Amino acid sequence: MLAKTGYLDMEEILDIPGFPGEEVLSRKKCVVIECKQNIPCNPCEDACPHGAIKIGEPITNLPVVDPEKCVGCGLCVAQCPGQACFLVDQSAADYDTVTLPYEYYPLPEKDQEVYGLSRAGEYLVKATVVRVVMTKKNDRTAVIEVKVPKGFGMKVRSISTDGKRIAAENPNEALSAQDVDGISDENMYVCRCEEITKAEVIQAVRNGATSVNEVKRLLRTGMGLCQGRNCAKTIERIIAQELGVAPSSVPQATKRGPVRPIKLTGYTSLDIEASEEMFEHDW
């Protein structure tokens with residue numbers, strides 16, 4: 001489902017090492033890491049002061065959660081560049097809580113009623129904000145805990161404060177004054193890493209950009225921590241809409257291999273000889 005839709009389905013989530021188990025979540029708040037991509041990434045491991053998250057070597061391992069070591073501090077939630085870390089607590093009798101990363105404006109406030117969204121971004125249920133944590137260390141990623149009806153702890157994975165959009169898709173949902181005022185789709189962030197808005201992408205297309213790569217050269221979209229994993233498809237759809245073509249006909253962004261810097265002391269003489277032979281062969 002990750003390849004087909006861009007997000008994991010429940011069957012896949014239950015089968016990854018980042019899922020601590022229903023029994024754990026029924027008795028305590030614990031991290032759930034919905035990561036199934038073998039990419040070189042370990043900020044979650046570094047962020048955990050209690051050793052509850054383990055990646056080890058190689059760095060492309062999937063994160064493994066030790067639920068007995070997790071204290072539900074949430075330090076990992078803002079540090080995951082793929083926004084795959086959540087805290088879930090299903091121990092209460094009549095509600096669940098979900099702690100999630102949030103990088104949109106306006107930020108909700110404590111006790112505000114918001115809209116709980118699924119992994120597909122679809123409206124599921126009303127939610128209430130329990131707390132909002134925004135620290136300098138988190139680099140503009142807010143950590144928000146919301147209370148949701150019982151049974152939605154493993155379903156809600158994002159929130160929306162935009163009541164206009166929710167009402168358009170769900171006519172029975174009521175709007176508050178805060179939802180209606182001051183919301184503009186054009187000001188939504190498309191590329192969260194570089195803080196590029198939908199309006200800026202549209203303007204780039206109207207100035208002549210016809211591919212994801214051309215928008216990237218003009219605006220730096222896709223050049224942040226996620227390397228375009230979160231925004232490339234959205235930019236593709238915006239380009240298609242502006243040009244009146246099918247998204248499949250929009251030239252894709254250049255794929256880059258997963259690389260990371262290593263110390264020169266990590267090389268042996270055999271490594272150097274092999275690199276020299278490869279260089280000569282390529283030329």
# chains A, B, ... in the order shown; residues from 1 in each chain; ligands from 1
>>> select_by_dssp(residues="region 70-275 of chain A", states="helix (DSSP H, G or I)", output="JSON, numbers by chain")
{"A": [136, 137, 138, 163, 164, 165, 166, 167, 168, 169, 177, 178, 179, 180, 185, 186, 187, 198, 199, 200, 201, 202, 203, 204, 205, 206, 212, 213, 214, 215, 216, 217, 218, 219, 232, 233, 234, 235, 236, 237, 238, 239, 240, 241, 242, 243, 247, 248, 249, 264, 265, 266, 269, 270, 271, 272, 273, 274, 275]}
>>> residues_around(residues="Glu145 (chain A)", least_positions_apart="2", cutoff="6 Å", atoms="only C-alpha atoms", output="number ranges by chain")
A: 98-99, 130-131
>>> residues_around(residues="Val65 (chain A)", least_positions_apart="3", cutoff="6 Å", atoms="only C-alpha atoms", output="PDB file with all heavy atoms, in the first residue's frame")
ATOM      1  N   GLY A  18       8.335  -1.102  14.373  1.00  0.00           N
ATOM      2  CA  GLY A  18       8.044   0.139  15.071  1.00  0.00           C
ATOM      3  C   GLY A  18       6.702   0.151  15.769  1.00  0.00           C
ATOM      4  O   GLY A  18       6.349   1.140  16.430  1.00  0.00           O
ATOM      5  N   ALA A  52      14.820   3.503  23.868  1.00  0.00           N
ATOM      6  CA  ALA A  52      13.619   2.736  23.502  1.00  0.00           C
ATOM      7  C   ALA A  52      13.519   2.500  22.007  1.00  0.00           C
ATOM      8  O   ALA A  52      12.725   1.664  21.561  1.00  0.00           O
ATOM      9  CB  ALA A  52      12.372   3.472  23.983  1.00  0.00           C
ATOM     10  N   ILE A  53      14.323   3.226  21.209  1.00  0.00           N
ATOM     11  CA  ILE A  53      14.301   3.077  19.753  1.00  0.00           C
ATOM     12  C   ILE A  53      15.683   2.647  19.294  1.00  0.00           C
ATOM     13  O   ILE A  53      16.691   3.272  19.616  1.00  0.00           O
ATOM     14  CB  ILE A  53      13.908   4.397  19.067  1.00  0.00           C
ATOM     15  CG1 ILE A  53      12.549   4.868  19.572  1.00  0.00           C
ATOM     16  CG2 ILE A  53      13.879   4.227  17.556  1.00  0.00           C
ATOM     17  CD1 ILE A  53      12.170   6.257  19.100  1.00  0.00           C
TER      18      ILE A  53
END
>>> atom_distance(atom1="CA of Ile13 (chain A)", atom2="CA of Val88 (chain A)")
13.5 Å
>>> select_by_dssp(residues="region 1-236 of chain A", states="strand (DSSP E or B)", output="count of residues only")
53
>>> residues_around(residues="region 90-92 of chain A", least_positions_apart="5", cutoff="8 Å", atoms="only C-alpha atoms", output="PyMOL selection string")
chain A and resi 25-29+97+150-151+153
>>> residues_around(residues="Thr128 (chain A)", least_positions_apart="5", cutoff="8 Å", atoms="only C-alpha atoms", output="PyMOL selection string")
chain A and resi 110-114+146-148
>>> write_last_selection(atoms="N, CA, C and O atoms", output="compact mmCIF listing (two decimals), in the first residue's frame")
# COMPACT_ATOMS: atom_id res chain seq x y z
N LYS A 110 -4.73 24.91 23.00
CA LYS A 110 -5.22 23.93 23.96
C LYS A 110 -6.74 24.04 24.10
O LYS A 110 -7.30 25.14 24.12
N ASP A 111 -7.39 22.90 24.16
CA ASP A 111 -8.85 22.77 24.29
C ASP A 111 -9.61 23.11 23.01
O ASP A 111 -10.85 23.06 23.00
N GLN A 112 -8.91 23.45 21.93
CA GLN A 112 -9.60 23.74 20.67
C GLN A 112 -10.11 22.45 20.04
O GLN A 112 -9.46 21.42 20.07
N GLU A 113 -11.27 22.51 19.44
CA GLU A 113 -11.81 21.37 18.70
C GLU A 113 -11.26 21.41 17.27
O GLU A 113 -11.35 22.42 16.59
N VAL A 114 -10.67 20.29 16.84
CA VAL A 114 -10.08 20.19 15.50
C VAL A 114 -10.64 18.95 14.82
O VAL A 114 -11.49 18.24 15.37
N VAL A 146 -3.72 15.19 20.93
CA VAL A 146 -5.17 15.36 20.80
C VAL A 146 -5.89 14.17 21.44
O VAL A 146 -5.38 13.05 21.47
N LYS A 147 -7.07 14.47 21.94
CA LYS A 147 -7.93 13.43 22.49
C LYS A 147 -8.97 13.07 21.45
O LYS A 147 -9.65 13.95 20.91
N VAL A 148 -9.11 11.78 21.16
CA VAL A 148 -10.04 11.31 20.13
C VAL A 148 -10.97 10.27 20.75
O VAL A 148 -10.65 9.66 21.78
>>> closest_residue(among="A:Gly21, A:Pro40, A:Gly208, A:Pro81", to="Cys226 (chain A)", atoms="only C-alpha atoms")
A:Pro81
>>> closest_residue(among="A:Met154, A:Ala47, A:Ala240, A:Ile196", to="Glu34 (chain A)", atoms="only C-alpha atoms")
A:Met154
>>> atom_distance(atom1="CA of Ala120 (chain A)", atom2="CA of Thr210 (chain A)")
26.7 Å
>>> closest_residue(among="A:Leu243, A:Cys85, A:Ile39, A:Ile202", to="Gln227 (chain A)", atoms="only C-alpha atoms")
A:Ile39
>>> decode(residues="region 190-217 of chain A", atoms="N, CA and C atoms", output="short mmCIF file (atom, residue, chain, number, x, y, z; two decimals), in the first residue's frame")
data_model
loop_
_atom_site.label_atom_id
_atom_site.label_comp_id
_atom_site.auth_asym_id
_atom_site.auth_seq_id
_atom_site.Cartn_x
_atom_site.Cartn_y
_atom_site.Cartn_z
N VAL A 190 3.26 23.60 0.74
CA VAL A 190 3.38 22.40 -0.08
C VAL A 190 4.67 21.68 0.29
N CYS A 191 5.77 22.44 0.31
CA CYS A 191 7.06 21.91 0.75
C CYS A 191 7.31 22.41 2.17
N ARG A 192 7.10 21.56 3.15
CA ARG A 192 7.23 21.97 4.54
C ARG A 192 8.69 22.22 4.92
N CYS A 193 9.60 21.44 4.35
CA CYS A 193 11.02 21.59 4.70
C CYS A 193 11.53 22.98 4.35
N GLU A 194 11.18 23.47 3.15
CA GLU A 194 11.67 24.77 2.70
C GLU A 194 10.62 25.87 2.83
N GLU A 195 9.45 25.53 3.39
CA GLU A 195 8.36 26.49 3.63
C GLU A 195 7.93 27.19 2.33
N ILE A 196 7.65 26.39 1.32
CA ILE A 196 7.17 26.89 0.04
C ILE A 196 5.66 26.66 -0.04
N THR A 197 4.92 27.70 -0.37
CA THR A 197 3.46 27.61 -0.38
C THR A 197 2.92 27.17 -1.74
N LYS A 198 1.66 26.79 -1.74
CA LYS A 198 0.99 26.41 -2.98
C LYS A 198 0.98 27.58 -3.96
N ALA A 199 0.76 28.78 -3.45
CA ALA A 199 0.72 29.96 -4.31
C ALA A 199 2.06 30.16 -5.03
N GLU A 200 3.17 29.91 -4.34
CA GLU A 200 4.49 30.07 -4.95
C GLU A 200 4.72 29.04 -6.04
N VAL A 201 4.25 27.82 -5.81
CA VAL A 201 4.39 26.77 -6.83
C VAL A 201 3.55 27.13 -8.07
N ILE A 202 2.32 27.60 -7.84
CA ILE A 202 1.46 28.00 -8.96
C ILE A 202 2.11 29.12 -9.76
N GLN A 203 2.69 30.10 -9.07
CA GLN A 203 3.35 31.21 -9.76
C GLN A 203 4.53 30.73 -10.58
N ALA A 204 5.29 29.76 -10.04
CA ALA A 204 6.43 29.21 -10.78
C ALA A 204 5.97 28.53 -12.06
N VAL A 205 4.85 27.82 -12.01
CA VAL A 205 4.31 27.17 -13.20
C VAL A 205 3.85 28.22 -14.21
N ARG A 206 3.20 29.25 -13.73
CA ARG A 206 2.73 30.31 -14.64
C ARG A 206 3.89 31.10 -15.22
N ASN A 207 5.05 31.01 -14.57
CA ASN A 207 6.26 31.66 -15.11
C ASN A 207 7.03 30.75 -16.06
N GLY A 208 6.51 29.55 -16.29
CA GLY A 208 7.13 28.69 -17.30
C GLY A 208 7.57 27.32 -16.86
N ALA A 209 7.56 27.01 -15.55
CA ALA A 209 7.98 25.69 -15.08
C ALA A 209 6.96 24.64 -15.49
N THR A 210 7.43 23.54 -16.06
CA THR A 210 6.52 22.48 -16.52
C THR A 210 6.85 21.12 -15.92
N SER A 211 7.81 21.06 -15.03
CA SER A 211 8.18 19.79 -14.41
C SER A 211 8.51 20.02 -12.94
N VAL A 212 8.54 18.92 -12.19
CA VAL A 212 8.88 19.00 -10.76
C VAL A 212 10.30 19.52 -10.59
N ASN A 213 11.21 19.11 -11.48
CA ASN A 213 12.59 19.57 -11.39
C ASN A 213 12.71 21.07 -11.64
N GLU A 214 11.93 21.62 -12.58
CA GLU A 214 12.00 23.04 -12.88
C GLU A 214 11.47 23.86 -11.70
N VAL A 215 10.42 23.39 -11.05
CA VAL A 215 9.92 24.07 -9.85
C VAL A 215 10.99 24.01 -8.75
N LYS A 216 11.65 22.88 -8.66
CA LYS A 216 12.71 22.71 -7.65
C LYS A 216 13.85 23.71 -7.88
N ARG A 217 14.24 23.92 -9.14
CA ARG A 217 15.33 24.86 -9.43
C ARG A 217 14.93 26.30 -9.09
#
